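File shown here: upload-v9.txt, holding compact mmCIF, C-alpha atoms.
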# COMPACT_ATOMS: atom_id res chain seq x y z
CA MET A 1 22.11 -24.14 9.84
CA ASN A 2 25.26 -23.92 7.70
CA VAL A 3 26.51 -20.40 8.35
CA LEU A 4 29.29 -20.78 5.76
CA SER A 5 26.75 -21.64 3.06
CA ILE A 6 24.61 -18.64 3.97
CA ASN A 7 27.62 -16.33 3.88
CA ARG A 8 28.72 -17.76 0.52
CA LEU A 9 25.28 -17.27 -1.00
CA ASN A 10 25.10 -13.77 0.46
CA ASN A 11 28.39 -12.90 -1.25
CA GLU A 12 27.13 -14.39 -4.53
CA TYR A 13 23.93 -12.33 -4.25
CA ARG A 14 25.88 -9.11 -3.71
CA ALA A 15 28.19 -9.96 -6.62
CA SER A 16 25.19 -10.46 -8.96
CA ILE A 17 23.60 -7.17 -7.90
CA ASN A 18 26.89 -5.30 -8.23
CA LYS A 19 27.46 -6.79 -11.68
CA ALA A 20 23.94 -5.81 -12.79
CA GLU A 21 24.45 -2.23 -11.63
CA ALA A 22 27.88 -2.07 -13.27
CA LEU A 23 26.41 -3.33 -16.57
CA HIS A 24 23.68 -0.73 -16.40
CA GLU A 25 26.18 2.05 -15.83
CA PHE A 26 28.53 0.73 -18.54
CA ASN A 27 25.66 0.75 -21.05
CA ASN A 28 24.75 4.35 -20.20
CA GLY A 29 21.50 3.47 -18.46
CA GLU A 30 20.26 1.12 -21.19
CA TYR A 31 18.91 -2.28 -20.21
CA THR A 32 20.56 -5.44 -21.58
CA ASN A 33 19.85 -9.17 -21.44
CA ASP A 34 23.03 -9.68 -19.41
CA GLU A 35 21.74 -7.30 -16.75
CA GLY A 36 18.47 -9.21 -16.63
CA LEU A 37 20.34 -12.50 -16.20
CA CYS A 38 22.23 -11.02 -13.25
CA TYR A 39 18.94 -10.13 -11.53
CA GLN A 40 17.56 -13.57 -12.36
CA ASN A 41 20.56 -15.17 -10.69
CA ALA A 42 20.22 -12.83 -7.69
CA ALA A 43 16.51 -13.68 -7.39
CA ASN A 44 17.29 -17.39 -7.35
CA ILE A 45 19.94 -16.91 -4.68
CA ALA A 46 17.61 -14.75 -2.55
CA GLY A 47 14.93 -17.43 -2.82
CA ARG A 48 17.37 -20.07 -1.53
CA LEU A 49 18.43 -17.80 1.34
CA ALA A 50 14.78 -17.19 2.27
CA THR A 51 14.33 -20.95 2.79
CA MET A 52 17.58 -21.28 4.76
CA THR A 53 16.86 -18.49 7.25
CA ILE A 54 14.05 -17.64 9.67
CA GLY A 55 12.20 -14.63 11.07
CA ALA A 56 13.19 -11.15 9.98
CA GLU A 57 16.16 -12.45 8.01
CA SER A 58 13.92 -14.72 5.95
CA GLU A 59 11.51 -11.83 5.32
CA HIS A 60 14.46 -9.72 4.18
CA TRP A 61 15.41 -12.31 1.55
CA VAL A 62 11.81 -12.67 0.40
CA ASN A 63 11.76 -8.90 -0.17
CA ALA A 64 15.11 -9.12 -1.96
CA GLN A 65 13.80 -11.84 -4.25
CA GLN A 66 10.71 -9.78 -5.07
CA TYR A 67 12.89 -6.74 -5.83
CA CYS A 68 15.07 -8.74 -8.25
CA GLN A 69 12.00 -10.21 -9.92
CA GLN A 70 10.60 -6.70 -10.39
CA GLN A 71 13.89 -5.61 -11.95
CA MET A 72 13.74 -8.59 -14.30
CA ARG A 73 10.21 -7.66 -15.41
CA VAL A 74 11.20 -4.03 -16.01
CA ILE A 75 14.15 -5.13 -18.15
CA TRP A 76 12.11 -7.71 -20.06
CA ASN A 77 9.26 -5.28 -20.75
CA THR A 78 11.74 -2.67 -21.96
CA LEU A 79 13.63 -5.04 -24.27
CA HIS A 80 10.55 -6.97 -25.44
CA PRO A 81 7.56 -4.57 -25.37
CA SER A 82 5.46 -6.84 -27.60
CA LYS A 83 5.77 -9.61 -25.01
CA ALA A 84 5.43 -7.46 -21.91
CA VAL A 85 4.47 -9.23 -18.70
CA SER A 86 2.24 -7.82 -15.96
CA MET A 87 3.82 -6.09 -12.98
CA GLY A 88 1.03 -7.38 -10.71
CA ASP A 89 -1.68 -5.72 -8.62
CA SER A 90 -0.37 -3.85 -5.58
CA ASP A 91 -3.72 -3.11 -3.98
CA GLU A 92 -7.41 -3.75 -4.61
CA SER A 93 -8.17 -0.06 -4.53
CA GLU A 94 -5.33 1.02 -6.84
CA ASN A 95 -7.61 1.48 -9.85
CA ASP A 96 -9.62 4.00 -7.86
CA ASN A 97 -6.53 6.10 -7.21
CA LYS A 98 -5.18 6.75 -10.71
CA ALA A 99 -3.23 9.93 -11.18
CA ASP A 100 -5.27 13.04 -11.73
CA ALA A 101 -2.67 14.69 -13.94
CA SER A 102 -4.93 17.46 -15.19
CA SER A 103 -5.62 18.83 -11.71
CA HIS A 104 -1.91 18.76 -10.91
CA GLU A 105 -0.73 20.32 -14.17
CA SER A 106 -0.80 23.93 -13.00
CA ALA A 107 1.01 23.13 -9.74
CA ALA A 108 3.58 20.96 -11.48
CA SER A 109 4.39 23.73 -13.94
CA GLN A 110 5.92 25.73 -11.08
CA ASN A 111 8.58 23.08 -10.44
CA ASN A 112 12.23 23.65 -11.26
CA ALA A 113 12.37 21.52 -14.41
CA GLU A 114 13.90 21.57 -17.83
CA THR A 115 11.65 21.56 -20.89
CA GLU A 116 12.28 19.02 -23.58
CA LYS A 117 10.58 19.77 -26.91
CA ASN A 118 8.87 16.95 -28.71
CA GLY A 119 8.09 16.86 -32.39
CA ASN A 120 4.34 17.39 -32.12
CA GLY A 121 3.31 21.00 -32.41
CA GLY A 122 6.11 22.22 -30.17
CA THR A 123 4.20 21.37 -26.96
CA GLY A 124 6.82 19.66 -24.84
CA LYS A 125 7.28 17.37 -21.91
CA LYS A 126 9.18 18.38 -18.83
CA LYS A 127 12.27 16.53 -17.84
CA TYR A 128 13.86 17.35 -14.51
CA ALA A 129 17.54 18.00 -14.04
CA ASP A 130 17.81 14.67 -12.19
CA GLY A 131 16.56 12.86 -15.32
CA LEU A 132 13.09 11.98 -14.03
CA LYS A 133 10.19 12.67 -16.38
CA GLN A 134 7.15 14.81 -15.74
CA GLU A 135 4.71 11.96 -16.40
CA MET A 136 6.31 9.95 -13.60
CA VAL A 137 5.93 12.85 -11.17
CA ASP A 138 2.36 13.43 -12.29
CA SER A 139 1.53 9.79 -11.57
CA TRP A 140 2.30 10.32 -7.88
CA PHE A 141 -0.49 12.87 -7.48
CA LYS A 142 -3.86 11.24 -6.83
CA LYS A 143 -7.46 12.38 -6.82
CA ASP A 144 -9.65 12.73 -3.73
CA PRO A 145 -10.66 9.24 -2.48
CA GLY A 146 -14.22 10.57 -2.23
CA TYR A 147 -15.16 9.48 1.31
CA GLY A 148 -14.38 10.72 4.79
CA PHE A 149 -14.55 9.67 8.42
CA ASP A 150 -18.34 9.39 8.30
CA GLU A 151 -17.87 6.24 6.19
CA VAL A 152 -15.51 4.61 8.72
CA VAL A 153 -17.24 2.45 11.32
CA GLY A 154 -15.44 1.84 14.60
CA MET A 155 -11.80 2.85 15.28
CA GLU A 156 -13.03 5.85 17.27
CA ASP A 157 -9.68 6.47 18.97
CA VAL A 158 -7.89 6.57 15.62
CA LYS A 159 -10.51 8.87 14.08
CA ASN A 160 -10.29 11.24 17.06
CA LEU A 161 -6.50 11.40 16.75
CA LEU A 162 -6.64 12.12 13.03
CA ASN A 163 -9.53 14.55 13.44
CA ASN A 164 -7.38 16.51 15.86
CA CYS A 165 -4.80 16.83 13.11
CA VAL A 166 -7.42 18.25 10.75
CA ARG A 167 -8.60 20.70 13.42
CA ASP A 168 -5.03 21.67 14.32
CA ASP A 169 -4.38 22.60 10.72
CA LYS A 170 -7.26 25.09 10.88
CA MET A 171 -5.73 26.56 14.05
CA ARG A 172 -2.17 26.69 12.77
CA ALA A 173 -1.63 30.29 13.88
CA LEU A 174 -2.52 29.39 17.48
CA THR A 175 -0.36 26.25 17.33
CA GLU A 176 2.62 28.29 16.16
CA TYR A 177 2.01 31.00 18.77
CA LEU A 178 2.05 28.46 21.59
CA GLY A 179 5.16 26.80 20.18
CA LEU A 180 3.49 23.42 19.76
CA PRO A 181 4.91 20.94 17.22
CA THR A 182 3.35 21.36 13.80
CA VAL A 183 5.08 18.63 11.79
CA GLN A 184 2.75 15.64 11.89
CA SER A 185 3.64 12.21 10.57
CA PHE A 186 1.65 9.03 11.03
CA PHE A 187 2.74 5.40 10.81
CA PHE A 188 -0.08 2.87 10.39
CA TYR A 189 0.63 -0.80 10.95
CA GLY A 190 -1.44 -3.96 11.21
CA PRO A 191 -2.13 -7.28 9.50
CA PRO A 192 -3.15 -7.40 5.81
CA GLY A 193 -6.77 -6.51 5.18
CA CYS A 194 -7.32 -4.79 8.54
CA GLY A 195 -8.44 -1.52 6.90
CA LYS A 196 -5.27 0.61 7.02
CA THR A 197 -5.67 2.03 3.52
CA PHE A 198 -9.40 2.60 4.03
CA ILE A 199 -9.02 4.88 7.06
CA ILE A 200 -5.92 6.56 5.60
CA GLU A 201 -7.85 7.55 2.48
CA ALA A 202 -10.72 8.83 4.65
CA PHE A 203 -8.14 10.97 6.48
CA VAL A 204 -6.76 12.17 3.16
CA HIS A 205 -10.26 13.23 2.07
CA GLU A 206 -10.71 15.34 5.22
CA LEU A 207 -7.38 17.08 4.59
CA MET A 208 -8.06 17.62 0.88
CA LYS A 209 -11.21 19.50 1.89
CA GLN A 210 -8.78 21.91 3.60
CA GLY A 211 -6.85 22.41 0.34
CA TYR A 212 -4.17 19.73 0.62
CA LYS A 213 -2.81 17.97 -2.45
CA TYR A 214 -2.34 14.19 -2.27
CA MET A 215 0.67 12.11 -3.29
CA SER A 216 0.66 8.32 -2.99
CA LEU A 217 3.40 5.77 -3.73
CA ALA A 218 4.14 2.17 -2.84
CA SER A 219 7.49 0.51 -2.41
CA ALA A 220 7.23 -0.90 -5.95
CA ASP A 221 7.03 2.63 -7.40
CA ILE A 222 10.57 3.16 -6.12
CA HIS A 223 12.07 -0.31 -6.45
CA SER A 224 10.70 -0.91 -9.95
CA LYS A 225 13.35 1.47 -11.28
CA PHE A 226 17.05 0.66 -11.51
CA SER A 227 18.94 1.35 -8.33
CA GLY A 228 20.54 4.56 -9.53
CA GLU A 229 17.10 6.13 -9.81
CA ALA A 230 15.67 4.98 -6.47
CA ASP A 231 17.44 7.71 -4.50
CA LYS A 232 16.47 10.29 -7.13
CA ILE A 233 12.84 9.28 -6.89
CA LEU A 234 12.80 9.64 -3.10
CA LYS A 235 14.42 13.07 -3.26
CA ARG A 236 11.99 14.20 -5.96
CA VAL A 237 8.95 12.91 -4.01
CA PHE A 238 9.78 15.01 -0.95
CA ALA A 239 10.78 18.03 -3.07
CA GLU A 240 7.46 17.87 -4.95
CA ALA A 241 5.52 17.64 -1.70
CA VAL A 242 7.25 20.74 -0.33
CA ASP A 243 6.81 22.64 -3.61
CA ASN A 244 3.08 21.78 -3.62
CA ALA A 245 2.43 22.37 0.09
CA PRO A 246 0.08 21.97 1.79
CA CYS A 247 0.51 18.38 0.71
CA ILE A 248 0.13 14.79 1.92
CA ILE A 249 2.61 12.01 1.16
CA PHE A 250 1.24 8.50 1.63
CA MET A 251 3.91 5.81 1.28
CA ASP A 252 2.60 2.25 1.41
CA GLU A 253 4.85 -0.73 2.18
CA ILE A 254 7.29 1.58 3.91
CA ASP A 255 9.28 -1.47 5.09
CA GLY A 256 10.58 -1.80 1.53
CA VAL A 257 11.84 1.79 1.41
CA CYS A 258 13.20 2.44 4.90
CA GLN A 259 14.45 -0.98 5.94
CA SER A 260 15.98 -1.40 9.36
CA ARG A 261 19.74 -1.10 9.27
CA ASP A 262 19.81 -3.77 11.98
CA LEU A 263 18.50 -6.43 9.59
CA PRO A 264 21.08 -9.14 8.93
CA ASN A 265 22.82 -9.06 5.55
CA LEU A 266 21.12 -5.83 4.50
CA SER A 267 22.29 -4.99 0.98
CA ASP A 268 24.30 -1.85 0.31
CA PHE A 269 21.49 -0.66 -1.96
CA ASN A 270 18.85 -0.86 0.78
CA MET A 271 21.23 0.61 3.35
CA GLN A 272 21.76 3.63 1.12
CA LEU A 273 18.04 3.91 0.37
CA THR A 274 17.22 4.04 4.10
CA THR A 275 19.81 6.77 4.62
CA THR A 276 18.41 8.76 1.70
CA PHE A 277 14.87 8.40 3.00
CA LEU A 278 15.76 9.64 6.49
CA THR A 279 17.67 12.59 5.05
CA CYS A 280 14.71 13.55 2.88
CA PHE A 281 12.30 13.12 5.77
CA ASN A 282 14.31 15.55 7.88
CA GLU A 283 13.76 18.20 5.21
CA LEU A 284 10.09 18.35 6.22
CA VAL A 285 11.09 20.09 9.45
CA LYS A 286 12.87 22.80 7.47
CA ALA A 287 9.85 23.13 5.20
CA GLU A 288 7.61 23.65 8.21
CA ARG A 289 9.79 26.53 9.34
CA ASP A 290 9.09 28.09 5.94
CA LYS A 291 5.32 27.75 6.57
CA LYS A 292 5.03 24.80 4.17
CA SER A 293 2.90 22.04 5.64
CA VAL A 294 3.59 18.47 4.53
CA ILE A 295 1.88 15.59 6.33
CA PHE A 296 3.64 12.25 5.93
CA ILE A 297 1.69 8.99 6.24
CA ALA A 298 3.22 5.51 6.08
CA ALA A 299 1.73 2.02 6.25
CA THR A 300 3.12 -1.49 6.58
CA ASN A 301 2.33 -5.02 7.69
CA TYR A 302 5.88 -5.43 8.99
CA PRO A 303 6.80 -2.53 11.31
CA SER A 304 9.69 -4.48 12.86
CA ASN A 305 11.47 -4.31 9.49
CA VAL A 306 11.42 -0.48 9.49
CA ASP A 307 14.42 1.47 10.74
CA THR A 308 14.08 2.65 14.33
CA ALA A 309 15.17 6.17 13.36
CA MET A 310 12.00 6.37 11.26
CA LEU A 311 9.80 4.97 14.02
CA ASP A 312 11.10 7.64 16.41
CA ARG A 313 9.91 10.38 14.06
CA VAL A 314 6.27 9.34 13.64
CA GLU A 315 3.02 8.77 15.53
CA LEU A 316 2.55 4.99 15.69
CA ILE A 317 -1.04 3.94 14.95
CA PRO A 318 -1.89 0.23 15.27
CA ILE A 319 -4.90 -0.89 13.24
CA PRO A 320 -6.44 -4.10 14.62
CA MET A 321 -8.49 -6.70 12.79
CA PRO A 322 -12.16 -5.64 12.29
CA ASP A 323 -14.14 -5.90 15.51
CA GLU A 324 -17.74 -7.13 15.77
CA LYS A 325 -19.24 -3.71 15.02
CA VAL A 326 -17.11 -3.22 11.90
CA ARG A 327 -17.81 -6.72 10.63
CA GLU A 328 -21.56 -6.29 11.11
CA ASN A 329 -21.56 -2.96 9.28
CA THR A 330 -19.64 -4.38 6.32
CA LEU A 331 -21.84 -7.47 6.05
CA LYS A 332 -25.08 -5.50 6.22
CA ARG A 333 -23.84 -2.84 3.81
CA LYS A 334 -23.02 -5.45 1.18
CA ILE A 335 -25.91 -7.89 1.66
CA GLU A 336 -28.86 -6.47 3.58
CA LYS A 337 -30.00 -4.08 0.84
CA LEU A 338 -30.00 -6.92 -1.70
CA ILE A 339 -31.66 -9.84 0.06
CA SER A 340 -33.53 -10.52 3.32
CA LEU A 341 -32.57 -13.15 5.88
CA ASP A 342 -34.72 -16.19 6.44
CA ARG A 343 -36.24 -16.86 9.87
CA ASP A 344 -33.70 -19.57 10.67
CA ILE A 345 -30.74 -17.19 10.80
CA THR A 346 -29.76 -13.83 12.29
CA TRP A 347 -27.10 -11.24 11.59
CA ASP A 348 -25.50 -12.09 14.93
CA TYR A 349 -24.94 -15.63 13.64
CA ILE A 350 -23.24 -14.41 10.47
CA VAL A 351 -21.15 -11.82 12.29
CA GLU A 352 -19.94 -14.41 14.80
CA ALA A 353 -18.93 -16.68 11.91
CA THR A 354 -16.53 -13.97 10.67
CA GLU A 355 -14.56 -13.78 13.93
CA GLY A 356 -10.88 -13.32 13.03
CA TYR A 357 -11.66 -12.33 9.44
CA SER A 358 -9.83 -9.44 7.82
CA GLN A 359 -11.74 -6.80 5.90
CA ARG A 360 -10.57 -8.45 2.70
CA ASP A 361 -11.86 -11.83 3.91
CA ILE A 362 -15.24 -10.31 4.73
CA ASN A 363 -15.52 -8.76 1.27
CA ARG A 364 -14.68 -12.08 -0.35
CA VAL A 365 -17.13 -14.10 1.74
CA CYS A 366 -19.88 -11.58 0.90
CA GLN A 367 -19.22 -12.21 -2.79
CA LYS A 368 -19.42 -15.94 -2.21
CA LEU A 369 -22.72 -15.57 -0.33
CA LEU A 370 -24.21 -13.57 -3.18
CA MET A 371 -22.90 -16.08 -5.72
CA ASN A 372 -24.57 -18.84 -3.71
CA VAL A 373 -27.80 -16.83 -3.83
CA TYR A 374 -27.42 -16.54 -7.60
CA GLN A 375 -27.00 -20.27 -8.04
CA LYS A 376 -29.83 -21.26 -5.73
CA VAL A 377 -32.41 -18.77 -7.00
CA SER A 378 -31.53 -19.66 -10.60
CA GLU A 379 -32.65 -23.20 -9.85
CA CYS A 380 -36.04 -21.93 -8.71
CA VAL A 381 -37.06 -20.16 -11.92
CA LYS A 382 -37.93 -21.51 -15.31
CA ASP A 383 -35.29 -21.35 -18.00
CA ASN A 384 -37.01 -18.87 -20.32
CA GLY A 385 -36.65 -15.28 -21.44
CA SER A 386 -38.06 -13.99 -18.15
CA ALA A 387 -35.96 -16.17 -15.82
CA ALA A 388 -33.70 -13.34 -14.65
CA GLU A 389 -36.62 -10.96 -14.00
CA ASN A 390 -38.48 -13.70 -12.12
CA ALA A 391 -35.41 -14.40 -9.98
CA VAL A 392 -35.00 -10.72 -9.08
CA GLY A 393 -38.72 -10.51 -8.28
CA MET A 394 -38.52 -13.51 -5.92
CA ILE A 395 -35.65 -11.88 -4.01
CA LYS A 396 -37.26 -8.44 -3.81
CA ASN A 397 -40.68 -9.65 -2.61
CA GLY A 398 -39.11 -12.02 -0.06
CA ASP A 399 -40.13 -15.31 -1.69
CA PHE A 400 -36.44 -16.22 -1.78
CA ARG A 401 -34.27 -15.45 1.25
CA LEU A 402 -30.76 -16.11 2.48
CA ASN A 403 -31.06 -19.07 4.85
CA LYS A 404 -28.81 -20.81 7.36
CA GLU A 405 -28.02 -23.73 5.07
CA MET A 406 -26.67 -21.39 2.38
CA VAL A 407 -24.61 -19.44 4.89
CA ASP A 408 -23.15 -22.59 6.46
CA GLU A 409 -22.29 -23.90 3.01
CA VAL A 410 -20.23 -20.79 2.21
CA PHE A 411 -18.48 -20.50 5.56
CA GLY A 412 -17.78 -24.22 5.59
CA SER A 413 -15.86 -23.99 2.32
CA TYR A 414 -14.12 -20.63 2.80
CA LYS A 415 -10.84 -20.47 4.68
CA PRO A 416 -9.56 -16.99 5.56
CA LYS A 417 -5.94 -16.27 4.76
CA PRO A 418 -3.82 -17.16 7.82
CA ASN A 419 -2.16 -14.20 9.52
CA ALA A 420 -0.70 -16.01 12.53
CA ASP A 421 2.94 -15.29 11.65
CA ILE A 422 2.25 -11.64 10.90
CA GLU A 423 0.20 -11.18 14.08
CA ARG A 424 2.96 -12.82 16.12
CA SER A 425 5.47 -10.42 14.57
CA LEU A 426 3.17 -7.46 15.30
CA ASN A 427 2.75 -8.56 18.93
CA GLU A 428 6.52 -8.79 19.32
CA PHE A 429 6.89 -5.31 17.82
CA GLU A 430 4.31 -3.80 20.19
CA ALA A 431 5.99 -5.47 23.15
CA LYS A 432 9.18 -3.60 22.30
CA THR A 433 7.57 -0.16 21.76
Starting from the file, lay out its structure as structure tokens.
Amino acid sequence: MNVLSINRLNNEYRASINKAEALHEFNNGEYTNDEGLCYQNAANIAGRLATMTIGAESEHWVNAQQYCQQQMRVIWNTLHPSKAVSMGDSDESENDNKADASSHESAASQNNAETEKNGNGGTGKKKYADGLKQEMVDSWFKKDPGYGFDEVVGMEDVKNLLNNCVRDDKMRALTEYLGLPTVQSFFFYGPPGCGKTFIIEAFVHELMKQGYKYMSLASADIHSKFSGEADKILKRVFAEAVDNAPCIIFMDEIDGVCQSRDLPNLSDFNMQLTTTFLTCFNELVKAERDKKSVIFIAATNYPSNVDTAMLDRVELIPIPMPDEKVRENTLKRKIEKLISLDRDITWDYIVEATEGYSQRDINRVCQKLLMNVYQKVSECVKDNGSAAENAVGMIKNGDFRLNKEMVDEVFGSYKPKPNADIERSLNEFEAKT
């Protein structure tokens, strides 16, 4: 490994980032093509460094490349709105968690904000003293996920721990009298698709029944803005949570917001962002003294990339891959109510075939099984106006069933996404904690 080449590229990366930030400041916060070119150059350099390094350092440069690419998209979409490109999907359940601005409107109106009149009827949009807009803040507040712990199969130890938090909140006066700690923060980690978000949202639902408001952000919600705003966003997030207490903050992909300061070649931007995050987090203790309850929840696939000062402040909750009971429940919930099994196959056989599958893999293979059913039953009915009704009738009355051949065909062609590297990293992390 050529250390001199790595150091040279690292310096070139920093120079491109610094130039982009300087251009942004020089142009009074307006985006320019030159700034975009700087981020493009930085993204290319980060990509080269990711291939030249290994382990945590390589992951750092992959994250850096993604950050620069996000900056490029923001600049492009701002300068060329008619040719805007997609920012990508951050999570399969994101569409279910759109901001419920109307329910937050009354609470948000109590914030310390300036009012900026628009030209339509004198109504007006709030703009905070730090320059952030009300619609951005509103977008952080989410609606109730709509399901609780009764929908979560397995993970009994995790549910008991989180249930204790819900019960403790009801007994806050006793907790305070006995001098027990009342600030509760949870850090969920595990491989992609293991169900972290699912159980977190169930936990959120249980707390919202007790009157909590819910804020949710991902790393991209902070990094998609130019670097001068990232610190402002973090400070505003925690301030809003305190102002709207009791409140929950859920921050996904926390490894992109509070990166370990021990990572090699950590950029000045990310170093500062980690410091800002930890400073803001400490404010929750002061808020608790003022009887304002804020519960912080974080999630990541890469806990070893998170700063140790953060890890020392939270309850670490590992979420494993779905066990046999969870896999069976998911499979039956998605398939059993739609079609019966043939005599040549059992649920045990299907469940065993999903060993090592993530929750996301199980959902995808269920879709493939049902698509296989669609194709096979379509071949059994005549191609006329009643074909669809006849096909549904055959499935409902048991004339057409899911058989072993169809199942083997799907599992033989589907390859779950490999998680070996992530699981190895998680095992190393747990060995150290």
inquiry  = Quick one: residues within 8 Å of Val373 in chain A, all atoms listed in the file, excluding same-chain residues fewer than 4 positions away - as a list in words?
reply    = Leu369, Val377, Leu402 and Met406 of chain A
message = Residues near Ile248 in chain A, anyone? I mean within 12 Å using all atoms listed in the file, not counting same-chain ones fewer than 2 positions away, as an MDAnalysis selection string.
response = chainID A and resid 140:144 183:186 200:201 203:208 210:217 237:238 240:246 250:251 284 292:298
Long-range neighbours of Ile199 in chain A as a PyMOL selection string, 10 Å cut-off, only C-alpha atoms, 5 positions minimum in chain = chain A and resi 147-149+151-153+155+158-159+162+188+194+204-205+319
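Atom pair CA of Arg236 in chain A / CA of Asp252 in chain A: separated by 16.9 Å.
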ask   = Which residues come within 8 Å of Lys19 in chain A, counting all atoms listed in the file, excluding same-chain residues fewer than 3 positions away, as a VMD selection string?
value = chain A and resid 15 to 16 22 to 23 35 38
Kindly export the residues of the current selection with C-alpha atoms, as a compact mmCIF listing (two decimals), in the frame of the given file.
# COMPACT_ATOMS: atom_id res chain seq x y z
CA ALA A 15 28.19 -9.96 -6.62
CA SER A 16 25.19 -10.46 -8.96
CA ALA A 22 27.88 -2.07 -13.27
CA LEU A 23 26.41 -3.33 -16.57
CA GLU A 35 21.74 -7.30 -16.75
CA CYS A 38 22.23 -11.02 -13.25
task = Around the point (11.8, -3.9, 0.9) in the file's coordinates, collect all residues with an atom within 12 Å, using all atoms listed in the file, and return them as a PyMOL selection string.
result = chain A and resi 56-57+59-68+70+218-224+252-261+263+266-267+269-271+273-274+300-303+305-307
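In this comparison, which uses all atoms listed in the file, the residue of A:Leu161, A:Cys280, A:Leu49, A:Ala299 approaching Pro191 in chain A most closely is A:Ala299.
For the pair CA of Ser58 in chain A and CA of Arg424 in chain A, the interatomic distance is 15.1 Å.
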ask   = For Asn329 in chain A, which residue among A:Val285, A:Ile395, A:Met171, A:Ile362 is the nearest when counting all atoms listed in the file?
value =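 Using all atoms listed in the file, the shortest distance to Asn329 in chain A belongs to A:Ile362.
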